[in-house]
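Participant: Would you mind keeping the following structure in view while I ask a few things?
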Amino acid sequence: MSECTHDCSTCGESCGERTEPQSFLKAPNSAARIGRVFGVVSGKGGVGKSMVTSQLAVMTRRKGHKVGILDADVTGPSIPKAFGVHERAMGDDRGMLPVNTRTGIEMMSVNLLLENETDPVIWRGPVIGGVVTQFWTDVVWDVDYLFVDMPPGTGDVSLSVFQSIPLDGIIIVASPQELVGMVVEKAVKMAEMMNIPIVGVVENMSYVLCPDCGKAIPLFGEGKTEAAAKAHGLKLLAKMPIDPKLAALVDEGRIEDFDGQWLSGVLEEIL
């Protein structure tokens, strides 16, 4: 037998020194009540993760469930803006308290901790990952469903979330462009490596409706998302349009007033 390196993950020998792989999962705040947890992810930025997260939270809340959003996109937090939330998060002897939106959706974001919400977050990866983990371990959530708005890509923060938070599944968001296959594959491979179930795929910016005839116009061409999802044995759960009215509601902080049902296929899988 070769000399022991004390790294059991790279060794096939069965000896008395072997230890089981260490779990990095963190326990939530002892005062918290958290039901099912779903991450909303993408292999790149700008595809609408925060939009999908916000709509899923609003639709789930309308069905009578207690809902929360953990904004893990620390360097580009947009969730508070979409909901028109500008107040500071507070705490008590139990931990940090999430801020409630107008309809009662619980929320925690770095923007709720900054003195000025427009200040940039210029932190290194490990610090950002630590903050996201604290949003799980220190916040007094009281939710049936918690949606985690992930940062783009497969870097430090995504790894921190996958390792520290017991996700029930992830929803992959993509856009119709040709590179969607690569984007979806990156997200799929990371989920598989971390043993995280994949709920399915959502295609955003699929089309725009003609204001005159109502015809769906694929601005970016026919989407490749369905083929990419099928290649990995995944369901394409929804195709979301580009909707100027929805964009205006987000800009006004009134995402809770939208009335679209595009993501009903996702809710059928998770509720």
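Labels for the structure tokens follow display order: chains A, B, ..., residues from 1 in each chain, ligands from 1.
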Do a neighbour search on A:Gly35 at 12 Å with only C-alpha atoms, toss out local chain neighbours closer than 6 positions, and write the hits as a count of residues only.
Facilitator: 17
Participant: Using only C-alpha atoms, which residues sit within 12 Å of A:Cys210 once same-chain residues fewer than 4 positions away are excluded, as a list in words?
Facilitator: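 Result of the neighbour search: Gly214, Lys215, Ala216, Ile217, Pro218, Leu219, Pro241, Ile242, Asp243 and Pro244 of chain A.
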Participant: One decimal, Å: what's the distance from atom CA of A:Glu269 over to atom CA of A:Ala187, could you say?
Facilitator: 19.0 Å
Participant: Could you list, as a VMD selection string, every residue within 9 Å of A:Ile196, counting only C-alpha atoms and ignoring same-chain residues fewer than 3 positions away?
Facilitator: chain A and resid 162 166 to 170 190 to 193
Participant: Suppose we keep all heavy atoms; can you now write the selection as a CSV table (one decimal), in the first residue's frame?
Facilitator:
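Below you can see result-v4.csv, which holds the result:
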```
chain,number,residue,atom,x,y,z
A,162,PHE,N,-24.8,25.7,-2.9
A,162,PHE,CA,-25.0,24.3,-3.1
A,162,PHE,C,-24.5,23.4,-2.0
A,162,PHE,O,-25.0,22.4,-1.6
A,162,PHE,CB,-24.3,23.9,-4.4
A,162,PHE,CG,-25.1,24.2,-5.7
A,162,PHE,CD1,-26.3,24.9,-5.6
A,162,PHE,CD2,-24.6,23.9,-6.9
A,162,PHE,CE1,-27.0,25.2,-6.7
A,162,PHE,CE2,-25.3,24.2,-8.1
A,162,PHE,CZ,-26.5,24.9,-8.0
A,166,PRO,N,-29.5,23.1,2.1
A,166,PRO,CA,-30.1,21.8,1.6
A,166,PRO,C,-31.2,22.1,0.6
A,166,PRO,O,-32.4,22.2,0.9
A,166,PRO,CB,-30.7,21.2,2.8
A,166,PRO,CG,-31.0,22.3,3.8
A,166,PRO,CD,-29.9,23.3,3.5
A,167,LEU,N,-30.9,22.3,-0.7
A,167,LEU,CA,-31.8,22.6,-1.8
A,167,LEU,C,-32.7,21.4,-2.1
A,167,LEU,O,-32.2,20.3,-2.3
A,167,LEU,CB,-31.1,23.1,-3.0
A,167,LEU,CG,-30.3,24.4,-2.9
A,167,LEU,CD1,-29.5,24.6,-4.1
A,167,LEU,CD2,-31.2,25.6,-2.6
A,168,ASP,N,-34.0,21.6,-2.3
A,168,ASP,CA,-34.8,20.5,-2.8
A,168,ASP,C,-34.8,20.4,-4.3
A,168,ASP,O,-35.2,19.4,-4.9
A,168,ASP,CB,-36.3,20.8,-2.3
A,168,ASP,CG,-36.5,20.7,-0.8
A,168,ASP,OD1,-36.6,19.5,-0.4
A,168,ASP,OD2,-36.5,21.7,-0.1
A,169,GLY,N,-34.2,21.4,-4.9
A,169,GLY,CA,-34.1,21.4,-6.4
A,169,GLY,C,-33.7,22.7,-6.9
A,169,GLY,O,-33.7,23.7,-6.2
A,170,ILE,N,-33.3,22.8,-8.2
A,170,ILE,CA,-33.0,24.0,-8.9
A,170,ILE,C,-33.8,24.2,-10.1
A,170,ILE,O,-34.2,23.2,-10.8
A,170,ILE,CB,-31.5,24.2,-9.2
A,170,ILE,CG1,-31.1,23.1,-10.2
A,170,ILE,CG2,-30.7,24.2,-7.9
A,170,ILE,CD1,-29.7,23.3,-10.8
A,190,MET,N,-22.9,21.2,-12.9
A,190,MET,CA,-22.6,21.6,-11.5
A,190,MET,C,-23.6,21.0,-10.6
A,190,MET,O,-23.3,20.5,-9.5
A,190,MET,CB,-22.7,23.1,-11.4
A,190,MET,CG,-22.2,23.6,-10.0
A,190,MET,SD,-22.0,25.4,-9.8
A,190,MET,CE,-21.2,25.5,-8.2
A,191,ALA,N,-24.9,21.0,-11.0
A,191,ALA,CA,-26.0,20.4,-10.1
A,191,ALA,C,-25.7,18.9,-9.9
A,191,ALA,O,-25.8,18.4,-8.8
A,191,ALA,CB,-27.3,20.6,-10.8
A,192,GLU,N,-25.3,18.2,-11.0
A,192,GLU,CA,-25.0,16.8,-10.9
A,192,GLU,C,-23.8,16.5,-10.0
A,192,GLU,O,-23.8,15.6,-9.2
A,192,GLU,CB,-24.8,16.2,-12.3
A,192,GLU,CG,-26.0,16.2,-13.2
A,192,GLU,CD,-25.7,15.7,-14.6
A,192,GLU,OE1,-24.5,15.7,-15.0
A,192,GLU,OE2,-26.7,15.4,-15.3
A,193,MET,N,-22.8,17.4,-10.1
A,193,MET,CA,-21.6,17.2,-9.3
A,193,MET,C,-21.9,17.4,-7.8
A,193,MET,O,-21.3,16.8,-6.9
A,193,MET,CB,-20.5,18.2,-9.7
A,193,MET,CG,-19.9,17.8,-11.1
A,193,MET,SD,-18.8,19.1,-11.6
A,193,MET,CE,-17.5,19.0,-10.4
```
Participant: So the first atom is atom CA of A:Asp93 and the second is atom CA of A:Ile105; what is the distance between them in Å, to one decimal place?
Facilitator: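 Between these atoms lies a distance of 22.2 Å.
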Participant: Nearest residue to A:Gln163 out of A:Val139, A:Met51, A:Leu25, A:Leu236, using only C-alpha atoms?
Facilitator: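 Of A:Val139, A:Met51, A:Leu25, A:Leu236, the one nearest A:Gln163 is A:Leu25, counting only C-alpha atoms.
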Participant: Could you give me, as number ranges by chain, each residue of stretch 96-252 of chain A that DSSP assigns to strand (DSSP E) when run on this structure's backbone?
Facilitator: A: 96-97, 99-100, 106-108, 142-149, 169-174, 198-203, 208-209, 216-217, 236-239
Participant: Take the selection from the previous step and output its residues with N, CA, C and O atoms, as a compact mmCIF listing (two decimals), in the first residue's frame.
Facilitator:
```txt
# COMPACT_ATOMS: atom_id res chain seq x y z
N MET A 96 -31.25 37.86 12.45
CA MET A 96 -31.71 38.86 11.49
C MET A 96 -33.16 38.59 11.10
O MET A 96 -33.56 37.43 10.94
N LEU A 97 -33.92 39.66 10.94
CA LEU A 97 -35.32 39.53 10.58
C LEU A 97 -35.50 39.92 9.10
O LEU A 97 -35.07 41.00 8.69
N VAL A 99 -37.23 41.32 5.73
CA VAL A 99 -38.17 42.40 5.44
C VAL A 99 -39.35 41.82 4.68
O VAL A 99 -39.18 40.96 3.81
N ASN A 100 -40.55 42.29 4.99
CA ASN A 100 -41.75 41.81 4.31
C ASN A 100 -42.16 42.76 3.20
O ASN A 100 -42.14 43.99 3.37
N GLU A 106 -41.42 37.32 2.46
CA GLU A 106 -40.22 37.61 3.24
C GLU A 106 -39.01 37.72 2.31
O GLU A 106 -38.91 37.00 1.33
N MET A 107 -38.09 38.61 2.69
CA MET A 107 -36.96 38.88 1.79
C MET A 107 -35.71 39.22 2.59
O MET A 107 -35.79 39.91 3.61
N MET A 108 -34.57 38.72 2.12
CA MET A 108 -33.28 39.14 2.67
C MET A 108 -32.31 39.33 1.52
O MET A 108 -32.16 38.46 0.66
N ASP A 142 -39.77 32.36 8.25
CA ASP A 142 -41.00 31.62 8.58
C ASP A 142 -41.75 31.41 7.27
O ASP A 142 -42.66 32.16 6.93
N VAL A 143 -41.33 30.38 6.53
CA VAL A 143 -41.83 30.20 5.16
C VAL A 143 -42.12 28.74 4.85
O VAL A 143 -41.50 27.83 5.41
N ASP A 144 -43.08 28.56 3.95
CA ASP A 144 -43.34 27.22 3.40
C ASP A 144 -42.42 26.94 2.22
O ASP A 144 -42.02 25.80 1.99
N TYR A 145 -42.10 28.01 1.47
CA TYR A 145 -41.22 27.90 0.30
C TYR A 145 -40.22 29.04 0.32
O TYR A 145 -40.59 30.21 0.52
N LEU A 146 -38.95 28.70 0.13
CA LEU A 146 -37.89 29.70 0.05
C LEU A 146 -37.22 29.58 -1.31
O LEU A 146 -36.73 28.52 -1.69
N PHE A 147 -37.22 30.69 -2.06
CA PHE A 147 -36.57 30.72 -3.37
C PHE A 147 -35.24 31.46 -3.24
O PHE A 147 -35.18 32.56 -2.67
N VAL A 148 -34.18 30.85 -3.74
CA VAL A 148 -32.85 31.43 -3.68
C VAL A 148 -32.48 31.96 -5.06
O VAL A 148 -32.33 31.18 -6.01
N ASP A 149 -32.36 33.29 -5.16
CA ASP A 149 -31.95 33.91 -6.42
C ASP A 149 -30.42 33.86 -6.50
O ASP A 149 -29.73 34.61 -5.83
N GLY A 169 -34.23 21.43 -4.95
CA GLY A 169 -34.09 21.39 -6.39
C GLY A 169 -33.71 22.75 -6.94
O GLY A 169 -33.74 23.75 -6.22
N ILE A 170 -33.34 22.77 -8.21
CA ILE A 170 -33.02 24.04 -8.87
C ILE A 170 -33.83 24.18 -10.15
O ILE A 170 -34.20 23.18 -10.78
N ILE A 171 -34.14 25.43 -10.50
CA ILE A 171 -34.77 25.76 -11.77
C ILE A 171 -33.73 26.48 -12.61
O ILE A 171 -33.16 27.48 -12.16
N ILE A 172 -33.44 25.98 -13.80
CA ILE A 172 -32.43 26.58 -14.68
C ILE A 172 -33.11 27.56 -15.62
O ILE A 172 -34.11 27.22 -16.27
N VAL A 173 -32.60 28.79 -15.69
CA VAL A 173 -33.15 29.81 -16.58
C VAL A 173 -32.17 30.03 -17.73
O VAL A 173 -30.96 30.15 -17.52
N ALA A 174 -32.71 30.07 -18.94
CA ALA A 174 -31.88 30.27 -20.13
C ALA A 174 -32.61 31.20 -21.08
O ALA A 174 -33.80 31.50 -20.92
N ILE A 198 -32.70 18.62 -10.34
CA ILE A 198 -33.07 19.69 -11.27
C ILE A 198 -34.57 19.58 -11.56
O ILE A 198 -35.03 18.55 -12.06
N VAL A 199 -35.31 20.64 -11.25
CA VAL A 199 -36.75 20.65 -11.48
C VAL A 199 -37.05 20.72 -12.97
O VAL A 199 -37.92 20.02 -13.48
N GLY A 200 -36.34 21.59 -13.67
CA GLY A 200 -36.55 21.77 -15.10
C GLY A 200 -35.96 23.08 -15.58
O GLY A 200 -35.21 23.74 -14.85
N VAL A 201 -36.30 23.44 -16.80
CA VAL A 201 -35.72 24.61 -17.45
C VAL A 201 -36.80 25.61 -17.83
O VAL A 201 -37.91 25.22 -18.24
N VAL A 202 -36.49 26.89 -17.67
CA VAL A 202 -37.37 27.98 -18.10
C VAL A 202 -36.64 28.78 -19.17
O VAL A 202 -35.48 29.16 -18.98
N GLU A 203 -37.31 29.01 -20.30
CA GLU A 203 -36.75 29.87 -21.34
C GLU A 203 -37.35 31.26 -21.19
O GLU A 203 -38.57 31.43 -21.29
N VAL A 208 -42.02 38.10 -28.32
CA VAL A 208 -42.77 39.30 -27.96
C VAL A 208 -44.07 39.24 -28.74
O VAL A 208 -44.11 38.79 -29.88
N LEU A 209 -45.16 39.65 -28.11
CA LEU A 209 -46.45 39.64 -28.76
C LEU A 209 -46.65 40.92 -29.57
O LEU A 209 -46.45 42.03 -29.05
N ALA A 216 -47.06 35.87 -31.83
CA ALA A 216 -45.81 35.74 -31.08
C ALA A 216 -44.63 35.83 -32.05
O ALA A 216 -44.53 35.04 -32.99
N ILE A 217 -43.75 36.80 -31.80
CA ILE A 217 -42.60 37.02 -32.67
C ILE A 217 -41.33 36.63 -31.93
O ILE A 217 -40.99 37.24 -30.91
N LEU A 236 -38.78 21.24 -20.29
CA LEU A 236 -38.89 22.68 -20.52
C LEU A 236 -40.22 23.10 -19.91
O LEU A 236 -41.29 22.79 -20.43
N LEU A 237 -40.17 23.77 -18.78
CA LEU A 237 -41.37 24.04 -17.98
C LEU A 237 -42.12 25.29 -18.41
O LEU A 237 -43.31 25.42 -18.12
N ALA A 238 -41.43 26.24 -19.04
CA ALA A 238 -42.10 27.49 -19.40
C ALA A 238 -41.32 28.25 -20.45
O ALA A 238 -40.09 28.13 -20.54
N LYS A 239 -42.06 29.03 -21.25
CA LYS A 239 -41.47 29.99 -22.17
C LYS A 239 -42.05 31.36 -21.84
O LYS A 239 -43.25 31.57 -21.96
```
